[in-house]
Amino acid sequence: MEQLIKIFKDFIVNEADGSSPLYSYWSKEIIGDETLLRLIKNIPQEQPKPNLFFGAVQYIATLKGHALHNYFENPKTEEQFLRSSFERLKEFCEDYEAELIACFQTKIVQTNEVNRAIYLYPIFSEIAQRTQSPLSLMEIGTSAGLLLNLDHYNFEVVEQEAIKRFGDPNSELTLRAENRGDSLPN
C-alpha cells in the first residue's frame, strides 16, 4: 500500500494540484482510504494508477448516467462540493466495483494531451514570423496527430493579468494556460 500511496502523492504534486482541484482532493482522500486503495491495486502494474482509476470512474459514471458524472461536468473548489463528491465517489466505487475492475483489466491509459499544443503554438508562430515562410509539421511520435492541428485550436494565455489570444477564435476547442515567463510574441 505504501507504494500506491506514494504514487498518489506524486500525482497530487505533479499532475493534480493547480490543474484539477477535484482529482487533487480525491487523491488526498484516497491516500487514507484502504477500501479504495485495495480497489486501485487491481490496476495492472504498467498502467498509471491515478490516471486509469479516474478515467475508468468517469467513463463508467458517464456510461451509466450516474450522478457522479455531474461532478465532472461542473467541478467546483468549495470544500462542501469536494467533500460530497468524494462521498459519491466512494458509493460509486462500491456499487460498480466489478465494472471498474473489468475496466482496469481491459483498458489502457492513452496519455496524449492536446494541451501540449499551447506551448508549441507561440514558438511556431515566432519561427514563421522570423522566417516569413509557412511551416510544415510532421509528427513522429504517439500524439495521434493532435499536435499537427495547432492552427485549428483557440489558445488563451494569461500573462501579467491579461489574456492573450492566439489561433482560431472559432475553434470548438480552447486551450488555456498561464505564462509565468517572458512575454509571448503577438
# chains A, B, ... in the order shown; residues from 1 in each chain; ligands from 1

call {"tool": "residues_around", "arguments": {"residues": "Cys103 of chain A", "least_positions_apart": "2", "cutoff": "9 Å", "atoms": "only C-alpha atoms", "output": "JSON, numbers by chain"}}
result
{"A": [43, 52, 56, 60, 98, 99, 100, 101, 105, 106, 107, 108]}

call {"tool": "residues_around", "arguments": {"residues": "segment 69-85 of chain A", "least_positions_apart": "2", "cutoff": "8 Å", "atoms": "only C-alpha atoms", "output": "list in words"}}
result
Pro21, Leu22, Tyr25, Trp26, Gln58, Ala61, Thr62, Gly65, His66, Ala67, Glu87, Arg88 and Leu89 of chain A

call {"tool": "closest_residue", "arguments": {"among": "A:Met1, A:Val57, A:Met138, A:Val158", "to": "Ile31 of chain A", "atoms": "only C-alpha atoms"}}
result
A:Met1

call {"tool": "residues_around", "arguments": {"residues": "segment 130-135 of chain A", "least_positions_apart": "2", "cutoff": "12 Å", "atoms": "only C-alpha atoms", "output": "PyMOL selection string"}}
result
chain A and resi 121+123-128+137-138+148+150-151+185

call {"tool": "select_by_dssp", "arguments": {"residues": "segment 38-132 of chain A", "states": "helix (DSSP H, G or I)", "output": "ChimeraX atom specification"}}
result
/A:38-40,49-64,69-73,79-95,97-106,114-131

call {"tool": "atom_distance", "arguments": {"atom1": "atom CA of Thr174 of chain A", "atom2": "atom CA of Tyr153 of chain A"}}
result
6.2 Å

call {"tool": "residues_around", "arguments": {"residues": "Asn149 of chain A", "least_positions_apart": "4", "cutoff": "12 Å", "atoms": "only C-alpha atoms", "output": "PyMOL selection string"}}
result
chain A and resi 114-118+120-121+136-139+143-145+153-154+167-168+171+173

call {"tool": "residues_around", "arguments": {"residues": "Phe54 of chain A", "least_positions_apart": "5", "cutoff": "10 Å", "atoms": "only C-alpha atoms", "output": "number ranges by chain"}}
result
A: 23, 26-27, 49, 59

call {"tool": "atom_distance", "arguments": {"atom1": "atom CA of Glu34 of chain A", "atom2": "atom CA of Ile5 of chain A"}}
result
10.2 Å

call {"tool": "decode", "arguments": {"residues": "segment 28-149 of chain A", "atoms": "C-alpha atoms", "output": "short mmCIF file (atom, residue, chain, number, x, y, z; two decimals), in the first residue's frame"}}
result
data_model
loop_
_atom_site.label_atom_id
_atom_site.label_comp_id
_atom_site.auth_asym_id
_atom_site.auth_seq_id
_atom_site.Cartn_x
_atom_site.Cartn_y
_atom_site.Cartn_z
CA LYS A 28 -5.63 13.21 -0.88
CA GLU A 29 -8.67 11.34 0.42
CA ILE A 30 -7.81 8.10 -1.40
CA ILE A 31 -4.44 8.01 0.38
CA GLY A 32 -6.27 7.43 3.66
CA ASP A 33 -8.98 5.10 2.37
CA GLU A 34 -7.99 1.43 2.50
CA THR A 35 -11.09 0.27 0.62
CA LEU A 36 -10.32 2.45 -2.38
CA LEU A 37 -6.62 1.61 -2.24
CA ARG A 38 -7.46 -2.12 -2.34
CA LEU A 39 -9.70 -1.48 -5.37
CA ILE A 40 -6.98 0.50 -7.13
CA LYS A 41 -4.48 -2.32 -6.55
CA ASN A 42 -6.41 -4.17 -9.29
CA ILE A 43 -4.92 -1.81 -11.88
CA PRO A 44 -2.09 -3.51 -13.79
CA GLN A 45 1.42 -2.56 -12.69
CA GLU A 46 2.36 -0.99 -16.04
CA GLN A 47 -0.56 1.45 -16.02
CA PRO A 48 -0.51 4.87 -14.30
CA LYS A 49 -2.89 4.12 -11.45
CA PRO A 50 -4.41 7.56 -10.76
CA ASN A 51 -5.00 8.19 -14.46
CA LEU A 52 -6.64 4.83 -15.11
CA PHE A 53 -8.66 4.97 -11.91
CA PHE A 54 -10.06 8.44 -12.58
CA GLY A 55 -10.55 7.67 -16.27
CA ALA A 56 -12.43 4.46 -15.50
CA VAL A 57 -14.60 6.19 -12.91
CA GLN A 58 -15.51 8.99 -15.30
CA TYR A 59 -16.08 6.58 -18.19
CA ILE A 60 -18.42 4.29 -16.25
CA ALA A 61 -20.22 7.16 -14.48
CA THR A 62 -20.94 8.73 -17.86
CA LEU A 63 -21.92 5.43 -19.44
CA LYS A 64 -24.32 4.65 -16.59
CA GLY A 65 -25.70 8.19 -16.31
CA HIS A 66 -24.67 8.13 -12.66
CA ALA A 67 -24.95 11.32 -10.57
CA LEU A 68 -21.17 11.26 -10.04
CA HIS A 69 -20.86 12.39 -13.66
CA ASN A 70 -22.24 15.80 -12.61
CA TYR A 71 -19.12 16.40 -10.52
CA PHE A 72 -17.00 16.07 -13.65
CA GLU A 73 -19.28 18.29 -15.70
CA ASN A 74 -19.41 21.18 -13.24
CA PRO A 75 -16.41 20.97 -10.90
CA LYS A 76 -16.16 23.46 -8.07
CA THR A 77 -13.50 24.18 -5.49
CA GLU A 78 -15.70 24.71 -2.42
CA GLU A 79 -14.96 22.36 0.46
CA GLN A 80 -18.58 21.15 0.71
CA PHE A 81 -18.66 20.30 -3.00
CA LEU A 82 -15.37 18.39 -2.76
CA ARG A 83 -16.43 16.51 0.38
CA SER A 84 -19.76 15.46 -1.13
CA SER A 85 -18.05 14.48 -4.39
CA PHE A 86 -15.73 12.13 -2.52
CA GLU A 87 -18.65 10.52 -0.68
CA ARG A 88 -20.34 9.96 -4.05
CA LEU A 89 -17.08 8.53 -5.41
CA LYS A 90 -16.89 6.01 -2.57
CA GLU A 91 -20.53 4.97 -3.09
CA PHE A 92 -19.96 4.71 -6.82
CA CYS A 93 -16.88 2.52 -6.39
CA GLU A 94 -18.75 0.23 -4.04
CA ASP A 95 -21.72 -0.07 -6.42
CA TYR A 96 -19.63 -0.52 -9.57
CA GLU A 97 -16.60 -2.38 -8.23
CA ALA A 98 -16.89 -5.24 -10.72
CA GLU A 99 -17.27 -2.86 -13.70
CA LEU A 100 -14.29 -0.80 -12.52
CA ILE A 101 -12.08 -3.87 -12.14
CA ALA A 102 -13.13 -5.06 -15.61
CA CYS A 103 -12.27 -1.62 -16.98
CA PHE A 104 -8.88 -1.68 -15.22
CA GLN A 105 -8.12 -5.04 -16.80
CA THR A 106 -9.27 -4.23 -20.34
CA LYS A 107 -8.43 -0.55 -20.88
CA ILE A 108 -5.16 1.32 -21.05
CA VAL A 109 -4.32 4.94 -20.45
CA GLN A 110 -3.57 6.97 -23.54
CA THR A 111 -1.62 9.98 -22.37
CA ASN A 112 -1.94 12.10 -25.49
CA GLU A 113 -2.50 15.58 -24.21
CA VAL A 114 -3.76 18.18 -26.64
CA ASN A 115 -2.90 20.86 -24.08
CA ARG A 116 0.75 20.40 -25.03
CA ALA A 117 -0.10 22.36 -28.15
CA ILE A 118 -0.43 25.54 -26.12
CA TYR A 119 3.34 25.58 -25.62
CA LEU A 120 4.12 24.90 -29.25
CA TYR A 121 1.86 27.41 -30.99
CA PRO A 122 3.64 30.61 -29.86
CA ILE A 123 7.04 29.11 -30.67
CA PHE A 124 5.99 28.01 -34.15
CA SER A 125 4.30 31.37 -34.74
CA GLU A 126 7.52 33.17 -33.90
CA ILE A 127 9.53 30.89 -36.21
CA ALA A 128 7.08 31.52 -39.06
CA GLN A 129 7.23 35.26 -38.42
CA ARG A 130 11.04 35.34 -38.36
CA THR A 131 11.45 33.19 -41.46
CA GLN A 132 8.50 34.75 -43.31
CA SER A 133 7.68 31.24 -44.50
CA PRO A 134 4.85 28.83 -43.85
CA LEU A 135 5.69 25.88 -41.63
CA SER A 136 5.06 22.24 -42.36
CA LEU A 137 4.76 19.92 -39.42
CA MET A 138 5.48 16.24 -39.32
CA GLU A 139 4.73 14.34 -36.17
CA ILE A 140 6.90 11.44 -35.20
CA GLY A 141 5.53 10.00 -32.02
CA THR A 142 2.41 8.95 -30.28
CA SER A 143 0.26 12.08 -30.13
CA ALA A 144 -2.24 10.73 -32.66
CA GLY A 145 -1.88 13.86 -34.78
CA LEU A 146 -3.17 16.14 -32.02
CA LEU A 147 -0.15 18.38 -32.29
CA LEU A 148 -0.46 18.71 -36.07
CA ASN A 149 -3.62 20.76 -35.69
#
